[in-house]
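Asker: Input structure: work_37.cif, which contains mmCIF, C-alpha atoms.
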data_upload
#
loop_
_atom_site.label_atom_id
_atom_site.label_comp_id
_atom_site.auth_asym_id
_atom_site.auth_seq_id
_atom_site.Cartn_x
_atom_site.Cartn_y
_atom_site.Cartn_z
CA MET M 150 97.37 15.12 -24.45
CA THR M 151 98.11 17.19 -21.34
CA ALA M 152 97.26 20.89 -21.13
CA LYS M 153 100.96 21.79 -21.29
CA ALA M 154 101.55 19.61 -24.34
CA LEU M 155 98.47 21.04 -26.02
CA LYS M 156 99.78 24.57 -25.40
CA TYR M 157 103.12 23.81 -27.09
CA PHE M 158 101.33 22.07 -29.96
CA CYS M 159 99.17 25.16 -30.57
CA ILE M 160 102.24 27.42 -30.54
CA LEU M 161 104.03 25.17 -33.03
CA LEU M 162 100.95 25.00 -35.25
CA SER M 163 100.58 28.80 -35.27
CA LEU M 164 104.24 29.22 -36.31
CA VAL M 165 103.80 26.74 -39.15
CA ILE M 166 100.71 28.58 -40.39
CA ALA M 167 102.40 31.98 -40.08
CA THR M 168 105.42 30.94 -42.09
CA ALA M 169 103.51 28.95 -44.68
CA CYS M 170 103.96 30.69 -48.00
CA THR M 171 103.49 30.44 -51.70
CA ARG M 172 106.70 30.40 -53.66
CA PRO M 173 107.18 33.65 -55.58
CA ASP M 174 108.48 33.99 -59.12
CA PHE M 175 112.22 34.59 -58.75
CA SER M 176 112.72 35.16 -62.48
CA VAL M 177 112.34 38.90 -61.76
CA ASN M 178 115.34 40.55 -60.13
CA TYR M 179 113.45 42.74 -57.67
CA SER M 180 110.60 42.47 -55.18
CA GLY M 181 107.65 44.65 -54.31
CA TYR M 182 104.28 45.55 -55.77
CA GLU M 183 103.52 46.65 -59.31
CA HIS M 184 100.71 47.20 -61.77
CA VAL M 185 99.88 44.15 -63.87
CA TYR M 186 100.90 45.99 -67.06
CA HIS M 187 104.11 47.43 -65.64
CA GLU M 188 107.54 45.81 -65.49
CA LEU M 189 110.50 47.59 -63.96
CA PRO M 190 113.31 47.94 -66.52
CA PHE M 191 116.03 47.49 -63.87
CA SER M 192 117.54 44.57 -61.95
CA LEU M 193 117.63 46.33 -58.61
CA ASN M 194 119.34 43.50 -56.77
CA GLU M 195 122.34 43.49 -59.11
CA PRO M 196 123.91 46.89 -59.81
CA SER M 197 126.31 46.83 -62.75
CA HIS M 198 128.91 49.21 -61.33
CA GLU M 199 129.93 50.76 -58.01
CA TRP M 200 131.91 53.89 -57.26
CA ILE M 201 133.31 53.99 -53.70
CA LEU M 202 133.41 57.63 -52.69
CA PRO M 203 136.08 59.46 -50.65
CA LYS M 204 135.47 60.30 -46.98
CA PRO M 205 134.22 63.89 -47.51
CA LEU M 206 131.17 62.30 -49.15
CA LYS M 207 130.35 59.79 -46.43
CA GLU M 208 127.05 61.66 -46.00
CA ILE M 209 126.27 62.14 -49.68
CA SER M 210 122.70 63.38 -50.00
CA GLY M 211 122.30 64.61 -53.58
CA LEU M 212 123.41 63.35 -56.97
CA THR M 213 123.34 64.50 -60.60
CA ILE M 214 125.34 63.79 -63.77
CA LEU M 215 127.27 66.51 -65.57
CA ASP M 216 127.53 66.83 -69.36
CA ASN M 217 131.05 65.34 -69.29
CA GLY M 218 129.82 62.20 -67.48
CA ASN M 219 131.19 63.07 -64.04
CA PHE M 220 128.98 63.27 -60.96
CA ALA M 221 128.09 66.45 -59.09
CA THR M 222 127.16 65.78 -55.48
CA VAL M 223 126.51 67.46 -52.14
CA ASN M 224 126.57 66.17 -48.60
CA ASP M 225 124.09 67.34 -46.00
CA GLU M 226 126.38 69.65 -44.05
CA LYS M 227 128.76 71.73 -46.16
CA GLY M 228 128.00 74.40 -48.74
CA LEU M 229 130.17 72.65 -51.29
CA ILE M 230 129.49 70.93 -54.58
CA TYR M 231 131.84 68.00 -55.09
CA VAL M 232 132.62 66.95 -58.66
CA VAL M 233 133.51 63.25 -58.70
CA ASP M 234 135.65 61.85 -61.51
CA THR M 235 133.92 58.65 -62.65
CA THR M 236 137.21 57.17 -63.89
CA THR M 237 139.14 57.45 -60.62
CA SER M 238 136.30 57.85 -58.05
CA THR M 239 138.16 60.87 -56.69
CA ILE M 240 137.07 64.46 -56.11
CA ALA M 241 138.05 66.34 -59.27
CA SER M 242 136.99 69.79 -58.01
CA LYS M 243 134.85 71.66 -55.49
CA ILE M 244 132.53 74.63 -55.86
CA LYS M 245 131.84 76.76 -52.79
CA PHE M 246 128.28 78.12 -52.96
CA GLY M 247 127.16 78.81 -49.39
CA LYS M 248 127.67 78.43 -45.68
CA ASN M 249 127.35 75.13 -43.87
CA ASP M 250 123.70 74.09 -43.71
CA ASP M 251 121.36 71.18 -44.44
CA TYR M 252 121.72 70.58 -48.20
CA GLU M 253 119.85 67.56 -49.47
CA SER M 254 119.61 67.61 -53.28
CA ILE M 255 121.25 68.78 -56.49
CA VAL M 256 120.24 68.70 -60.16
CA LEU M 257 121.78 69.96 -63.40
CA HIS M 258 119.71 71.94 -65.91
CA LYS M 259 121.50 73.52 -68.88
CA ASP M 260 124.49 75.40 -67.44
CA ARG M 261 123.11 75.65 -63.91
CA LEU M 262 123.17 73.48 -60.84
CA TYR M 263 120.22 73.79 -58.48
CA VAL M 264 120.93 72.85 -54.87
CA GLY M 265 118.02 72.22 -52.51
CA GLU M 266 117.94 72.80 -48.75
CA SER M 267 115.71 70.95 -46.34
CA ASN M 268 113.85 74.21 -45.61
CA GLY M 269 112.76 74.51 -49.25
CA ASN M 270 115.25 77.17 -50.35
CA ILE M 271 117.00 76.64 -53.68
CA LYS M 272 120.52 77.83 -54.51
CA VAL M 273 121.48 78.44 -58.16
CA VAL M 274 125.09 77.79 -59.19
CA SER M 275 126.66 78.51 -62.59
CA THR M 276 128.72 75.63 -63.96
CA LYS M 277 130.66 78.08 -66.15
CA LYS M 278 131.46 80.66 -63.47
CA GLU M 279 131.60 78.00 -60.72
CA LYS M 280 129.85 80.22 -58.21
CA LYS M 281 126.38 80.95 -56.83
CA ILE M 282 124.41 83.30 -59.07
CA GLY M 283 121.01 83.25 -57.41
CA GLU M 284 118.71 81.87 -54.73
CA TYR M 285 114.98 81.18 -54.47
CA SER M 286 112.87 81.04 -51.32
CA THR M 287 109.68 78.99 -51.06
CA PHE M 288 106.84 78.70 -48.54
CA LEU M 289 108.14 75.27 -47.49
CA SER M 290 110.02 74.87 -44.20
CA ARG M 291 112.13 72.39 -42.30
CA ARG M 292 108.88 70.85 -41.14
CA ASN M 293 108.24 69.80 -44.75
CA ASN M 294 111.86 68.62 -44.92
CA VAL M 295 112.60 68.80 -48.65
CA GLU M 296 115.05 65.98 -49.41
CA GLY M 297 114.80 65.32 -53.15
CA MET M 298 114.83 67.49 -56.25
CA THR M 299 114.87 66.84 -59.99
CA ILE M 300 114.23 68.69 -63.24
CA ASP M 301 111.08 68.25 -65.30
CA ILE M 302 112.54 69.46 -68.60
CA LYS M 303 109.31 69.24 -70.60
CA ASN M 304 107.50 71.59 -68.23
CA ASN M 305 110.51 73.76 -67.27
CA ARG M 306 110.11 73.14 -63.58
CA LEU M 307 111.80 71.56 -60.61
CA MET M 308 110.11 68.80 -58.63
CA LEU M 309 110.68 68.79 -54.86
CA ALA M 310 110.02 65.66 -52.78
CA CYS M 311 109.24 66.21 -49.10
CA LYS M 312 110.34 63.81 -46.40
CA GLY M 313 108.18 65.47 -43.76
CA GLN M 314 104.45 65.14 -43.32
CA THR M 315 101.90 67.19 -45.23
CA GLU M 316 100.21 70.22 -43.68
CA LYS M 317 97.25 68.18 -42.42
CA LYS M 318 98.03 66.49 -39.12
CA THR M 319 95.72 63.62 -40.06
CA ASP M 320 97.92 62.71 -43.05
CA ARG M 321 100.44 60.83 -40.93
CA TYR M 322 101.62 58.47 -43.67
CA LYS M 323 101.22 60.78 -46.68
CA ARG M 324 104.11 62.50 -48.46
CA ALA M 325 104.03 65.31 -51.00
CA ILE M 326 105.86 66.37 -54.15
CA TYR M 327 105.77 70.05 -55.11
CA THR M 328 106.74 71.79 -58.36
CA PHE M 329 108.77 74.99 -58.77
CA ASP M 330 108.09 76.93 -61.99
CA LEU M 331 111.45 78.12 -63.36
CA GLU M 332 109.84 80.76 -65.58
CA LYS M 333 107.68 82.29 -62.85
CA LYS M 334 110.35 81.53 -60.26
CA GLU M 335 107.81 80.39 -57.71
CA LEU M 336 106.56 77.23 -56.05
CA ASP M 337 103.10 76.05 -57.04
CA LYS M 338 100.73 76.36 -54.08
CA MET M 339 99.22 72.90 -54.43
CA PRO M 340 101.35 69.72 -54.35
CA TRP M 341 101.82 67.93 -57.67
CA VAL M 342 100.91 64.73 -55.87
CA ILE M 343 100.34 63.42 -52.34
CA MET M 344 101.41 59.80 -51.95
CA ASP M 345 99.96 57.23 -49.56
CA LEU M 346 101.60 53.85 -50.14
CA ARG M 347 99.03 52.05 -48.01
CA GLU M 348 96.33 53.03 -50.49
CA ALA M 349 98.50 52.68 -53.59
CA LYS M 350 99.42 49.09 -52.67
CA LYS M 351 95.77 48.04 -52.92
CA GLU M 352 95.84 48.58 -56.69
CA LEU M 353 99.04 46.60 -57.23
CA LYS M 354 100.05 42.95 -57.31
CA LYS M 355 102.86 41.30 -55.39
CA SER M 356 106.08 40.60 -57.23
CA THR M 357 108.49 38.05 -55.70
CA ILE M 358 107.33 38.66 -52.13
CA LEU M 359 106.81 35.67 -49.86
CA SER M 360 103.16 35.38 -48.84
CA ASN M 361 102.92 34.89 -45.09
CA HIS M 362 101.80 36.81 -42.04
CA ILE M 363 105.27 37.72 -40.75
CA VAL M 364 106.41 39.09 -44.12
CA ASP M 365 103.17 41.05 -44.50
CA ILE M 366 103.73 42.79 -41.18
CA SER M 367 107.36 43.59 -42.05
CA VAL M 368 106.43 45.01 -45.45
CA SER M 369 103.59 47.05 -43.95
CA LEU M 370 105.99 48.66 -41.47
CA ARG M 371 108.37 49.54 -44.28
CA LEU M 372 105.63 51.16 -46.34
CA THR M 373 104.33 53.27 -43.46
CA SER M 374 107.88 54.58 -42.83
CA PHE M 375 108.14 55.87 -46.42
CA ALA M 376 109.81 59.31 -46.45
CA PRO M 377 111.30 60.49 -49.79
CA SER M 378 115.03 61.18 -49.88
CA GLY M 379 115.56 61.42 -53.65
CA ILE M 380 113.64 61.87 -56.90
CA GLY M 381 114.38 61.55 -60.62
CA ILE M 382 112.58 61.36 -63.97
CA ASP M 383 113.23 58.49 -66.36
CA PRO M 384 114.13 60.13 -69.73
CA ILE M 385 112.79 57.11 -71.66
CA THR M 386 109.34 56.67 -70.08
CA ASN M 387 108.95 60.01 -68.29
CA ASP M 388 108.05 58.07 -65.15
CA VAL M 389 108.89 59.68 -61.80
CA TYR M 390 111.11 57.64 -59.46
CA VAL M 391 111.08 58.41 -55.73
CA ILE M 392 113.49 56.77 -53.31
CA SER M 393 113.22 56.53 -49.52
CA SER M 394 116.09 55.63 -47.22
CA LYS M 395 113.51 54.91 -44.52
CA GLY M 396 112.16 51.49 -45.35
CA ASN M 397 114.56 51.21 -48.34
CA ILE M 398 111.78 51.79 -50.88
CA LEU M 399 111.65 52.84 -54.52
CA VAL M 400 108.33 54.14 -55.90
CA VAL M 401 107.52 54.64 -59.58
CA LEU M 402 104.73 56.98 -60.72
CA ASP M 403 103.57 57.92 -64.19
CA PHE M 404 102.88 61.54 -65.13
CA LEU M 405 99.18 60.99 -64.49
CA LYS M 406 100.29 60.55 -60.85
CA ASN M 407 99.41 56.85 -60.73
CA VAL M 408 101.71 54.61 -58.69
CA LYS M 409 102.97 51.92 -61.09
CA GLY M 410 105.28 50.14 -58.67
CA ILE M 411 106.53 49.99 -55.09
CA TYR M 412 109.85 48.17 -54.77
CA LEU M 413 111.75 46.94 -51.71
CA LEU M 414 115.48 47.62 -51.96
CA PRO M 415 117.74 44.99 -50.35
CA ARG M 416 119.64 46.49 -47.42
CA ARG M 417 122.75 44.45 -48.23
CA VAL M 418 123.04 46.46 -51.47
CA TYR M 419 121.50 49.81 -50.51
CA GLY M 420 122.75 50.72 -47.05
CA GLN M 421 121.17 54.19 -46.95
CA PRO M 422 119.88 55.34 -50.34
CA GLU M 423 119.72 59.14 -50.47
CA GLY M 424 120.24 60.32 -54.05
CA LEU M 425 118.83 59.24 -57.40
CA CYS M 426 119.30 60.30 -61.02
CA PHE M 427 119.34 59.01 -64.61
CA ASP M 428 121.75 59.41 -67.48
CA LYS M 429 120.60 60.39 -70.98
CA VAL M 430 120.10 56.77 -72.11
CA GLY M 431 118.02 55.86 -69.08
CA ASN M 432 120.43 54.04 -66.79
CA LEU M 433 119.64 54.51 -63.10
CA TYR M 434 122.08 55.79 -60.44
CA ILE M 435 121.52 55.59 -56.69
CA SER M 436 123.85 57.05 -54.05
CA ASN M 437 124.19 55.67 -50.52
CA GLU M 438 125.44 57.32 -47.36
CA ARG M 439 127.89 55.38 -45.26
CA LYS M 440 125.78 53.22 -43.00
CA SER M 441 125.58 49.46 -43.47
CA THR M 442 127.60 49.83 -46.68
CA LYS M 443 130.37 52.20 -47.74
CA GLN M 444 129.46 55.57 -49.19
CA ASN M 445 128.95 54.84 -52.85
CA ILE M 446 127.15 55.45 -56.11
CA LEU M 447 125.58 52.44 -57.83
CA ARG M 448 124.65 52.18 -61.49
CA ILE M 449 121.76 49.92 -62.46
CA ASP M 450 121.78 49.35 -66.21
CA ARG M 451 118.56 49.57 -68.15
CA LYS M 452 117.31 46.28 -69.55
CA GLU M 453 114.94 45.46 -72.37
CA ILE M 454 111.55 44.24 -71.20
CA GLN M 455 108.81 42.29 -72.90
CA ILE M 456 105.56 43.98 -71.86
CA GLN M 457 103.44 41.81 -74.16
CA ASP M 458 104.72 38.63 -72.54
CA LYS M 459 103.73 39.95 -69.14
CA GLU M 460 100.23 40.89 -70.30
CA ASP M 461 99.67 37.41 -71.69
CA SER M 462 100.92 35.60 -68.60
#
Take the structure I supplied and represent it as C-alpha cells, if you would.

Answerer:
Amino acid sequence: MTAKALKYFCILLSLVIATACTRPDFSVNYSGYEHVYHELPFSLNEPSHEWILPKPLKEISGLTILDNGNFATVNDEKGLIYVVDTTTSTIASKIKFGKNDDYESIVLHKDRLYVGESNGNIKVVSTKKEKKIGEYSTFLSRRNNVEGMTIDIKNNRLMLACKGQTEKKTDRYKRAIYTFDLEKKELDKMPWVIMDLREAKKELKKSTILSNHIVDISVSLRLTSFAPSGIGIDPITNDVYVISSKGNILVVLDFLKNVKGIYLLPRRVYGQPEGLCFDKVGNLYISNERKSTKQNILRIDRKEIQIQDKEDS
C-alpha cells in the first residue's frame, strides 16, 4: 500500500470509528440525559396542539395562562400585555403597563400579573383594573439578564432565571435562579440554585442519544451554551422546569435543587423557545419566537408514566 493510499485508508477508518454508535432506545419520545429513576411525563417531540400567533407577537418572550384559559403574553420590546384567545388565536385585548423596554417574562398569581424586565425589575399589573399598580426593584442588572419568571405558590415567592453569567467571572458556564419574597417584597441575596450542566450531566444517563464522538461534541457545545429563557413549576410534581433557547435545552430540577433531566429540544419543532408555563392539570406549554418556525405556542400533553417499570429495567 502506497503512502497516499495509506493516508486515505486512515482517514476513512477514523470516520467509521467516529460515527460508530450504539442504537438508542427510541421507545421514549425525547432525547437527553436523565436520572435512572426519573422519566419525563411529556412527549417533547410531538406537541398535541399549536397556536400560531399574530405578528405583534413575533418576538413573544413570556407566557402565562389566565383563569379563563386564555394566554397572557409579552414580547421583548413593548410595554403591553397581550391576551390571546385560545379559540381563535387572535389578540383579545391589550393592557398598557409601561414604556417600551426589554420585557422578558410574565406570570399570573391570584389577581395580579407580574412582568419581569431583563434588568431584574418587576412590574405588577392588576387583572381587574387592567393597569399597573406597583413595581419592585432588585439588585440584579442587565448583566444578569433576567429572562424567566414563575410563581412558587407554596412559598409565596417568584423565581427568576438569569440568562447572564453569575457574579464570579470564573463561572463561565454557570447560571443562577433567584427568589423574590412576595411578603417581604425583596429579592433573596443568595441564588436559590446555580446550575452547571457540565457537572449535572455526570450524574445522569443518556436517553435516546446516539453514542459517537461527533454527537458527543455537538451535545457538549449545546450544554455549554445553556442560558435560561423561561421557567415554570410543574403543579403535579413540584419540579422546576427551565428552558433555554440557546442550545434548545429543557432542564428539570426537583425542589432539593437536584437536576433530574437535561433534554434536547428538536429545532424543527422548537425554533426559538422563550416562554414556558403549565396549566392546572400539569400540561406543558412552550412559546417560540419567530425564527426557524412561526411564532407560536405549543401544548405538550401530560402522559402517564410507569416509574416501576423503569426501575426494574

Asker: My list of candidates is M:Met308, M:Ile449, M:Val232, M:Ile282. Which is closest to Phe427 of chain M when distances are computed with all atoms listed in the file?

Answerer: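 With all atoms listed in the file as the atom set, the closest residue is M:Ile449.
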
Asker: Using the chain letters and numbers from this file, what does the PyMOL selection byres ((chain M and resi 438) around 8) select? Give the answer as a count of residues only.

Answerer: 17

Asker: Just give me the gap between atom CA of Leu193 of chain M and atom CA of Trp341 of chain M in Å, one decimal is fine.

Answerer: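 Interatomic distance, atom CA of Leu193 of chain M to atom CA of Trp341 of chain M: 26.8 Å.
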
Asker: I need the residue set behind the PyMOL selection byres ((chain M and resi 203) around 8) for this file; please write it as a PDB file with C-alpha atoms, in the coordinates of the input.

Answerer:
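Listing of selection18.pdb after writing:
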ATOM      1  CA  ILE M 201     133.310  53.990 -53.700  1.00  0.00           C
ATOM      2  CA  LEU M 202     133.410  57.630 -52.690  1.00  0.00           C
ATOM      3  CA  LYS M 204     135.470  60.300 -46.980  1.00  0.00           C
ATOM      4  CA  PRO M 205     134.220  63.890 -47.510  1.00  0.00           C
ATOM      5  CA  LEU M 206     131.170  62.300 -49.150  1.00  0.00           C
ATOM      6  CA  LYS M 207     130.350  59.790 -46.430  1.00  0.00           C
ATOM      7  CA  SER M 238     136.300  57.850 -58.050  1.00  0.00           C
ATOM      8  CA  THR M 239     138.160  60.870 -56.690  1.00  0.00           C
ATOM      9  CA  ILE M 240     137.070  64.460 -56.110  1.00  0.00           C
ATOM     10  CA  GLN M 444     129.460  55.570 -49.190  1.00  0.00           C
TER      11      GLN M 444
END

Asker: Evaluate the PyMOL selection byres ((chain M and resi 197) around 10) and record the selected residues as a ChimeraX atom specification, following the chain and residue labels used in the document.

Answerer: /M:192-196,198-199,447-451

Asker: Using all atoms of segment 314-328 of chain M that appear in the file, construct an axis-aligned enclosing box with 4 Å of padding on every side and provide its centre coordinates and edge lengths in Å, rounded to one decimal, as AutoDock Vina command-line options.

Answerer:
--center_x 101.2 --center_y 65.1 --center_z -48.7 --size_x 19.0 --size_y 21.3 --size_z 27.2

Asker: For Glu348 of chain M, which of M:Ile398, M:Ile382, M:Ile411, M:Ile214 is the closest residue, counting only C-alpha atoms?

Answerer: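 Using only C-alpha atoms, Glu348 of chain M sits closest to M:Ile411.
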
Asker: Nearest to Asn397 of chain M: which of M:Gly379, M:Ile366, M:Gly247, M:Ile230 is it, counting all atoms listed in the file?

Answerer: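 For Asn397 of chain M, the nearest of the candidates is M:Gly379.
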
Asker: Env of Glu296 of chain M: 7 Å cut, atoms = only C-alpha atoms, seq-sep filter 6 positions within chain, self excluded. Answer as a list in words.

Answerer: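 These residues fall inside the cut-off: Glu253, Ser254, Ser267, Ala310, Cys311, Lys312, Pro377, Ser378 and Gly379 of chain M.
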